[in-house]
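Reviewing the structure listed below.
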Amino acid sequence: MILTISCTNPFSARESEPPSENEGTYITPVEPQLVLVNLEASYNEKIITNYMQCLDTLFAYRYDFLQFQGPDSGWGYNSEISLTDKIFAAFRSSSESISLSLSLAPIESLPDLEDDTTATIHREYELISISDIDIAMPDTTFYRGTASFELIETGVNLWRLRRWTDNHASPNDTAWSDFKNGYR
Amino acid sequence: MHKLKIACLLCLLVAMPASGLAQELFFDFSQNREIYQWGDSLVWQPSFGNRNQLLFTNSSATTLFKESILLDRRDRWQEDYRTRLEWRFNQDSRFRLSSVFENDYSSFEERIVVENSVGLAAWLQPSAGLTLENTGSFITAARNNSGNQHRANGFHNISSAHYNHRFSRSSAIDIGYTQDLKIIPEIPVSGFNSQASFFSHGLDDSVRLSLSGEYQNSRYFTSTRSYESISRQRKAATSTRLAVSLKPILGTRVKLLSNFDYRQFRYKHFGTDGTANSIGLLGSDNSSRSFDYKIAADRTLLKRVVFETHYQYRETDEDYSSLAANQKTKSGEVRFGFRVHPGINDSLWAEAIFSLTSYISDRESSFFSDRDRGMQLYSSGAMHRFSRAMSLRIDGSYRDFHQTFISGSLSANNNHDKTYVLTPVVDWQPAAWLTISNKFLLHANYVWYDHERTVSSERNTLFRRAQWKSEYELIVSHRLRIRPSFTYRYEDFGQLLWRDQWAQKTNWDRRTSLPALEVFYRMWYSIRLTPALTYERRKSWEFVLGDDGAIERVEKETFERTMVSFGLDYTPSANTSIGVKVQRRVQESNLFGDDKTNQFVVNVHRVF
């Protein structure tokens, strides 16, 4: 018994169930634009591990202002993962009644800026949250604005998101940071 | 507002008298296409005689999106300013009176928030180690959002006490308490925080313990667009920190670190419908706690070999009263490492790290998010100095991440991510004026999915890179240095197939050449010029199925980028520095067309 216990690897993962649903989308981020492809896919598929792989460990999120109480000017990697985990869990667990979709679009006047190991990419986004999707008039909330992404090529030569700045379209519109702040 | 501010700052930069205890100015400006950003930070602290002192601080940040696409091509302004003016009268070394004025200004388009305060502060040191401080202010707050205005006046008082006592040269205790009371109609804030810490260190051992607690009761407008709904938040938090270093036992040093945190938030909502806003968990009662500890040990043998190891454990727990949001985590990590210097010209090191993080939900309805993330890392390196002028260093590492979803709804995404890296570097200085560095890189990243290992899956991939960079540094004179470099890179990417061993079905490959030149020229002792030129040419090919059924390698993209930059650093004295950088970028691609960009950056720093 002692030999059996001593041979057990304490760092081995738990046994998993066989797959019952389709797999998600993730492309090895050999270019900075692929990080945003993965980020958009992880949001639409609600797969937190794919989202985590988009972020650098020194990731920082900044915003212009929050519609609701927000004493800080942003947050870091751990908070971003925690709140996104809650978002994905909330929408997955109630997928019959609520849905969340994201679309990112390039901005013609702000093309992507790339250097050898850094990149700055701007995207216009629309995040749509729908409640009561099974009734005739579902409650739909739009979150719109522009997002500025600063990416780096890490020590393992793959791209990650280092800094994300969110800008409201106008003071009266709700943006991505207001949606995220709701899960902090 | 902003033009006036820049003019005032420039006047201060030129005319500010060089006296006082501490005076410092930072100013930064950058322009990239339609985005303009500038900000400043100013501290000015002149003294007037032995007893009177003025403290002026100002910080600001402004962002302009010129002809923003989000505002029908109108300019989009955002400004934040914070100013504080304090006049201090030092009665003696134990008592001080101050009058304080503060202004906070924040605006975004037609949304403006301004808060002003005027008050008196007293600082007292009745005995050694004990200080008492109190600040009372009259405050006014004004909010304006598209014509929807709200004004309020009130009173703000902050009281604090701090005690510090040193028992001996090596031990001390520190205790602090602060009470904050803001009385303003509809949105008052009250709270307190306290902290206590103790440390003691001997020749070979030490201990540090700190405790802190915080409580706050605050009300705030639930939305910035109306002032009818108000929410109340009650926040309580405690934390404990412990760090112990023990006396070496049989030559082994042992350290223990431990932390505990607890936070609780309670909400109540008033106003038109008595409920919080409808987004997510905002305004929902919640609590969280975390605990972690780390045990580390190291030992040195024969003054040449160092062995190190540590074990680290952390667990967290959340309670949101919402089944989908509650989550527990547990993680453990163990590390082994050693460093050895066989001789004065050699060094060798290695380490191994194993870790596992488990995410656990407490209900069946959110079981889909249960997952484990395991990591193994092995790295090693060696360095040999052939002579004072030549050295060789080799580093290698292997890293394996394994992500595992426990539930069948997401287990199709379970995957291994393995990375191999090898980086030899040769540094050679054949002459005092010439240094040559050659760096090589071999990198391979394997990704395969647990349930698709033996099938042909597009998601199983292999990415490889080989790179060589040669860098030279020439010291032409004491004013002029030149740094040319050349980088050549090969990369390929494709599907990973299992045929009794891993094989790659290449999808694309690309080759990059990147010559660069940097110049550092000190024109005078105070002016340095840094022009630079970088050229990049990248060609990529993709592997497609030809008409005859054979795989063909077809050219996909030719990309060229030229960047020219010019920098000027002006340092007239040790107290002042001004930096200007202009960059022009031209890139051409047969796939994405051409693009030309200019960028301009100014940095100013002065200590008065």
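To be explicit about the labels: the chains of the structure tokens are called A, B, and onward in the order shown, and within each one the residues are counted from 1, while ligands get numbers from 1 in the order they are shown.
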
Spatial neighbours of stretch 174-181 of chain B, 10 Å, only C-alpha atoms, chain gap at least 5 places, as a VMD selection string: chain B and resid 129 to 136 155 to 166 188 to 199 210 to 218

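Neighbours of A:Trp164 closer than or equal to 7 Å, with only C-alpha atoms counted and sequence neighbours fewer than 5 positions away skipped, come out as Ala60, Tyr61, Arg62, Ala147, Ser148, Phe149 and Glu150 of chain A.
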
What would the file look like if the residues just selected were written as a PDB file, in the first residue's frame with N, CA and C atoms?
ATOM      1  N   ALA A  60      -2.999  43.650 -18.506  1.00  0.00           N
ATOM      2  CA  ALA A  60      -3.670  44.743 -17.805  1.00  0.00           C
ATOM      3  C   ALA A  60      -4.849  45.213 -18.642  1.00  0.00           C
ATOM      4  N   TYR A  61      -5.980  45.444 -17.974  1.00  0.00           N
ATOM      5  CA  TYR A  61      -7.190  45.937 -18.636  1.00  0.00           C
ATOM      6  C   TYR A  61      -7.447  47.356 -18.159  1.00  0.00           C
ATOM      7  N   ARG A  62      -7.669  48.272 -19.092  1.00  0.00           N
ATOM      8  CA  ARG A  62      -7.949  49.669 -18.757  1.00  0.00           C
ATOM      9  C   ARG A  62      -9.193  50.123 -19.496  1.00  0.00           C
ATOM     10  N   ALA A 147     -11.895  48.847 -29.027  1.00  0.00           N
ATOM     11  CA  ALA A 147     -10.921  48.226 -28.136  1.00  0.00           C
ATOM     12  C   ALA A 147      -9.537  48.352 -28.762  1.00  0.00           C
ATOM     13  N   SER A 148      -8.572  48.782 -27.970  1.00  0.00           N
ATOM     14  CA  SER A 148      -7.183  48.862 -28.425  1.00  0.00           C
ATOM     15  C   SER A 148      -6.404  47.753 -27.741  1.00  0.00           C
ATOM     16  N   PHE A 149      -5.826  46.880 -28.539  1.00  0.00           N
ATOM     17  CA  PHE A 149      -5.098  45.729 -28.007  1.00  0.00           C
ATOM     18  C   PHE A 149      -3.601  45.910 -28.255  1.00  0.00           C
ATOM     19  N   GLU A 150      -2.806  45.737 -27.212  1.00  0.00           N
ATOM     20  CA  GLU A 150      -1.348  45.736 -27.347  1.00  0.00           C
ATOM     21  C   GLU A 150      -0.873  44.310 -27.106  1.00  0.00           C
TER      22      GLU A 150
END

Exercise: B:Val426 partners within 10 Å, only C-alpha atoms, chain neighbours under 6 positions left out, as a list in words: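 Selected residues are Met383, His384, Arg385, Met390, Ser391, Leu392, Arg393, Ile394, Ile436, Ser437, Asn438, Lys439, Phe440 and Ser470 of chain B.
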
For those residues, write N, CA and C atoms to a file as a PDB file, in the first residue's frame.
ATOM      1  N   MET B 383      27.299  27.728 -19.087  1.00  0.00           N
ATOM      2  CA  MET B 383      28.078  28.814 -19.670  1.00  0.00           C
ATOM      3  C   MET B 383      29.556  28.528 -19.480  1.00  0.00           C
ATOM      4  N   HIS B 384      30.349  28.793 -20.540  1.00  0.00           N
ATOM      5  CA  HIS B 384      31.794  28.615 -20.452  1.00  0.00           C
ATOM      6  C   HIS B 384      32.475  29.872 -20.995  1.00  0.00           C
ATOM      7  N   ARG B 385      33.408  30.379 -20.235  1.00  0.00           N
ATOM      8  CA  ARG B 385      34.159  31.563 -20.659  1.00  0.00           C
ATOM      9  C   ARG B 385      35.500  31.090 -21.192  1.00  0.00           C
ATOM     10  N   MET B 390      35.673  35.995 -24.973  1.00  0.00           N
ATOM     11  CA  MET B 390      34.749  35.090 -25.646  1.00  0.00           C
ATOM     12  C   MET B 390      34.060  34.195 -24.618  1.00  0.00           C
ATOM     13  N   SER B 391      32.745  34.050 -24.811  1.00  0.00           N
ATOM     14  CA  SER B 391      31.993  33.156 -23.928  1.00  0.00           C
ATOM     15  C   SER B 391      30.906  32.479 -24.737  1.00  0.00           C
ATOM     16  N   LEU B 392      30.486  31.315 -24.251  1.00  0.00           N
ATOM     17  CA  LEU B 392      29.417  30.541 -24.871  1.00  0.00           C
ATOM     18  C   LEU B 392      28.392  30.202 -23.790  1.00  0.00           C
ATOM     19  N   ARG B 393      27.129  30.424 -24.131  1.00  0.00           N
ATOM     20  CA  ARG B 393      26.075  30.074 -23.191  1.00  0.00           C
ATOM     21  C   ARG B 393      25.012  29.279 -23.940  1.00  0.00           C
ATOM     22  N   ILE B 394      24.551  28.190 -23.355  1.00  0.00           N
ATOM     23  CA  ILE B 394      23.494  27.373 -23.957  1.00  0.00           C
ATOM     24  C   ILE B 394      22.375  27.192 -22.929  1.00  0.00           C
ATOM     25  N   ILE B 436      30.865  41.357 -30.845  1.00  0.00           N
ATOM     26  CA  ILE B 436      30.022  40.580 -31.763  1.00  0.00           C
ATOM     27  C   ILE B 436      29.238  39.564 -30.944  1.00  0.00           C
ATOM     28  N   SER B 437      27.945  39.510 -31.215  1.00  0.00           N
ATOM     29  CA  SER B 437      27.095  38.557 -30.495  1.00  0.00           C
ATOM     30  C   SER B 437      26.289  37.766 -31.513  1.00  0.00           C
ATOM     31  N   ASN B 438      26.337  36.454 -31.429  1.00  0.00           N
ATOM     32  CA  ASN B 438      25.542  35.585 -32.296  1.00  0.00           C
ATOM     33  C   ASN B 438      24.592  34.755 -31.450  1.00  0.00           C
ATOM     34  N   LYS B 439      23.316  34.883 -31.751  1.00  0.00           N
ATOM     35  CA  LYS B 439      22.295  34.170 -30.978  1.00  0.00           C
ATOM     36  C   LYS B 439      21.527  33.245 -31.909  1.00  0.00           C
ATOM     37  N   PHE B 440      21.370  32.011 -31.473  1.00  0.00           N
ATOM     38  CA  PHE B 440      20.614  31.031 -32.250  1.00  0.00           C
ATOM     39  C   PHE B 440      19.393  30.602 -31.437  1.00  0.00           C
ATOM     40  N   SER B 470      22.691  38.065 -35.607  1.00  0.00           N
ATOM     41  CA  SER B 470      24.066  38.494 -35.429  1.00  0.00           C
ATOM     42  C   SER B 470      24.067  39.984 -35.178  1.00  0.00           C
TER      43      SER B 470
END

Among stretch 53-160 of chain A, which ones does DSSP assign to alpha helix (DSSP H) (computed from the backbone)? Answer as a PDB file with N, CA and C atoms, in the first residue's frame.
ATOM      1  N   TYR A  77      -4.523  40.416 -14.592  1.00  0.00           N
ATOM      2  CA  TYR A  77      -4.749  39.092 -15.152  1.00  0.00           C
ATOM      3  C   TYR A  77      -5.709  38.259 -14.315  1.00  0.00           C
ATOM      4  N   ASN A  78      -5.464  38.155 -13.020  1.00  0.00           N
ATOM      5  CA  ASN A  78      -6.288  37.286 -12.182  1.00  0.00           C
ATOM      6  C   ASN A  78      -7.752  37.740 -12.159  1.00  0.00           C
ATOM      7  N   SER A  79      -7.968  39.045 -12.065  1.00  0.00           N
ATOM      8  CA  SER A  79      -9.354  39.550 -12.056  1.00  0.00           C
ATOM      9  C   SER A  79     -10.027  39.304 -13.400  1.00  0.00           C
ATOM     10  N   GLU A  80      -9.283  39.480 -14.483  1.00  0.00           N
ATOM     11  CA  GLU A  80      -9.853  39.273 -15.817  1.00  0.00           C
ATOM     12  C   GLU A  80     -10.278  37.820 -15.998  1.00  0.00           C
ATOM     13  N   ILE A  81      -9.432  36.887 -15.579  1.00  0.00           N
ATOM     14  CA  ILE A  81      -9.775  35.472 -15.714  1.00  0.00           C
ATOM     15  C   ILE A  81     -10.979  35.139 -14.820  1.00  0.00           C
ATOM     16  N   SER A  82     -10.986  35.661 -13.613  1.00  0.00           N
ATOM     17  CA  SER A  82     -12.067  35.353 -12.684  1.00  0.00           C
ATOM     18  C   SER A  82     -13.413  35.856 -13.206  1.00  0.00           C
ATOM     19  N   LEU A  83     -13.461  37.111 -13.680  1.00  0.00           N
ATOM     20  CA  LEU A  83     -14.753  37.638 -14.125  1.00  0.00           C
ATOM     21  C   LEU A  83     -15.201  36.982 -15.437  1.00  0.00           C
ATOM     22  N   THR A  84     -14.251  36.663 -16.306  1.00  0.00           N
ATOM     23  CA  THR A  84     -14.623  36.003 -17.568  1.00  0.00           C
ATOM     24  C   THR A  84     -15.121  34.594 -17.289  1.00  0.00           C
ATOM     25  N   ASP A  85     -14.521  33.930 -16.332  1.00  0.00           N
ATOM     26  CA  ASP A  85     -14.984  32.593 -15.919  1.00  0.00           C
ATOM     27  C   ASP A  85     -16.440  32.674 -15.457  1.00  0.00           C
ATOM     28  N   LYS A  86     -16.764  33.708 -14.712  1.00  0.00           N
ATOM     29  CA  LYS A  86     -18.139  33.883 -14.225  1.00  0.00           C
ATOM     30  C   LYS A  86     -19.089  34.195 -15.378  1.00  0.00           C
ATOM     31  N   ILE A  87     -18.656  34.994 -16.321  1.00  0.00           N
ATOM     32  CA  ILE A  87     -19.492  35.322 -17.477  1.00  0.00           C
ATOM     33  C   ILE A  87     -19.817  34.048 -18.251  1.00  0.00           C
ATOM     34  N   PHE A  88     -18.766  33.291 -18.560  1.00  0.00           N
ATOM     35  CA  PHE A  88     -18.971  32.075 -19.356  1.00  0.00           C
ATOM     36  C   PHE A  88     -19.835  31.082 -18.594  1.00  0.00           C
ATOM     37  N   ALA A  89     -19.607  30.960 -17.284  1.00  0.00           N
ATOM     38  CA  ALA A  89     -20.392  30.011 -16.486  1.00  0.00           C
ATOM     39  C   ALA A  89     -21.851  30.433 -16.442  1.00  0.00           C
ATOM     40  N   ALA A  90     -22.107  31.735 -16.291  1.00  0.00           N
ATOM     41  CA  ALA A  90     -23.483  32.219 -16.212  1.00  0.00           C
ATOM     42  C   ALA A  90     -24.228  31.939 -17.510  1.00  0.00           C
ATOM     43  N   PHE A  91     -23.601  32.207 -18.651  1.00  0.00           N
ATOM     44  CA  PHE A  91     -24.291  32.042 -19.930  1.00  0.00           C
ATOM     45  C   PHE A  91     -24.364  30.579 -20.349  1.00  0.00           C
ATOM     46  N   ARG A  92     -23.415  29.774 -19.927  1.00  0.00           N
ATOM     47  CA  ARG A  92     -23.490  28.349 -20.262  1.00  0.00           C
ATOM     48  C   ARG A  92     -24.561  27.651 -19.440  1.00  0.00           C
ATOM     49  N   SER A  93     -24.626  28.004 -18.167  1.00  0.00           N
ATOM     50  CA  SER A  93     -25.553  27.295 -17.283  1.00  0.00           C
ATOM     51  C   SER A  93     -27.004  27.651 -17.601  1.00  0.00           C
TER      52      SER A  93
END

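Counting only C-alpha atoms, every residue of chain A that comes within 7 Å of chain B is listed here: A:Phe11, A:Ala13, A:Glu15, A:Ser16, A:Glu17, A:Pro18, A:Pro19, A:Ser20, A:Glu21, A:Asn22, A:Glu23, A:Gly24, A:Gln67, A:Phe68, A:Gln69, A:Lys86, A:Ala89, A:Ala90, A:Ser93, A:Ala169, A:Pro171, A:Asn172, A:Phe179, A:Gly182, A:Tyr183.
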
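Closest to A:Asn181 among A:Val35, A:Leu55, A:Leu66, A:Ala136 is A:Leu66, based on only C-alpha atoms.
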
Residue list (strand (DSSP E), DSSP) for stretch 10-91 of chain A, as a ChimeraX atom specification: /A:55-63,74-76

For B:Trp433: contacts at 12 Å, only C-alpha atoms, fewer than 3 positions along chain excluded, given as a PyMOL selection string: chain B and resi 389+428-430+436+472-478+480-483

May I have the selected residues written with N, CA and C atoms, as a CSV table (one decimal), in the first residue's frame?
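That gives us result15.csv:
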chain,number,residue,atom,x,y,z
B,389,ALA,N,37.5,37.6,-23.6
B,389,ALA,CA,36.8,38.2,-24.8
B,389,ALA,C,35.8,37.3,-25.4
B,428,TRP,N,31.6,37.6,-28.4
B,428,TRP,CA,33.1,37.7,-28.7
B,428,TRP,C,33.4,39.2,-28.8
B,429,GLN,N,34.5,39.6,-28.2
B,429,GLN,CA,35.0,40.9,-28.3
B,429,GLN,C,36.4,40.9,-28.8
B,430,PRO,N,36.6,40.8,-30.1
B,430,PRO,CA,38.0,40.7,-30.6
B,430,PRO,C,38.8,42.0,-30.4
B,436,ILE,N,30.9,41.4,-30.8
B,436,ILE,CA,30.0,40.6,-31.8
B,436,ILE,C,29.2,39.6,-30.9
B,472,TYR,N,26.3,43.5,-33.9
B,472,TYR,CA,27.7,44.1,-33.8
B,472,TYR,C,27.5,45.4,-33.1
B,473,GLU,N,28.5,45.7,-32.2
B,473,GLU,CA,28.6,47.0,-31.6
B,473,GLU,C,29.9,47.6,-31.9
B,474,LEU,N,30.0,48.7,-32.6
B,474,LEU,CA,31.2,49.4,-32.9
B,474,LEU,C,31.3,50.7,-32.2
B,475,ILE,N,32.4,50.9,-31.5
B,475,ILE,CA,32.7,52.2,-30.8
B,475,ILE,C,33.6,52.9,-31.7
B,476,VAL,N,33.0,53.9,-32.5
B,476,VAL,CA,33.8,54.6,-33.5
B,476,VAL,C,34.6,55.7,-32.8
B,477,SER,N,34.0,56.3,-31.8
B,477,SER,CA,34.7,57.3,-31.0
B,477,SER,C,34.0,57.5,-29.7
B,478,HIS,N,34.4,58.4,-28.9
B,478,HIS,CA,33.7,58.5,-27.6
B,478,HIS,C,32.4,59.2,-27.8
B,480,LEU,N,30.5,58.5,-30.8
B,480,LEU,CA,29.7,57.7,-31.8
B,480,LEU,C,29.8,56.2,-31.6
B,481,ARG,N,28.6,55.6,-31.5
B,481,ARG,CA,28.5,54.1,-31.5
B,481,ARG,C,27.6,53.7,-32.6
B,482,ILE,N,27.9,52.6,-33.2
B,482,ILE,CA,27.0,52.1,-34.3
B,482,ILE,C,26.7,50.6,-34.0
B,483,ARG,N,25.4,50.3,-34.2
B,483,ARG,CA,25.0,48.9,-33.8
B,483,ARG,C,24.2,48.3,-35.0

Length of the atom CA of B:Asp400 to atom CA of A:Leu58 vector [Å]: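 That distance, rounded to one decimal, is 20.4 Å.
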
Of the listed residues A:Phe142, A:Phe65, A:Trp75, A:Trp159, that which approaches A:Glu31 most closely, counting only C-alpha atoms: A:Trp159

Nearest to A:Asp56 by atom-to-atom distance, counting only C-alpha atoms, from A:Leu100, A:Ile27, A:Met137, A:Leu158: A:Leu158

Selection near stretch 122-133 of chain A, 6 Å with only C-alpha atoms, sequence-local residues under 2 positions removed, as JSON, numbers by chain: {"A": [97, 98, 99, 100, 101, 102, 103, 104, 105, 106, 107, 135, 138, 139, 140, 141, 142, 143, 144, 145, 146, 147, 148]}

Contact residues around B:Val113 with only C-alpha atoms at 10 Å, ignoring same-chain residues under 6 positions, as a ChimeraX atom specification: /B:80,104-107,141-145,149-151

Spatial neighbours of A:Ser42, max dist 10 Å, only C-alpha atoms, sep filter under 3 positions, as a list in words: Gly24, Thr25, Tyr26, Leu36, Val37, Asn38, Leu39, Glu45, Lys46, Ile47, Ile48, Thr49, Asn50, Tyr51, Met52, Gln53, Cys54, Phe88 and Leu102 of chain A

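We find atom CA of B:Glu452 and atom CA of B:Phe401 to be spaced 16.7 Å apart.
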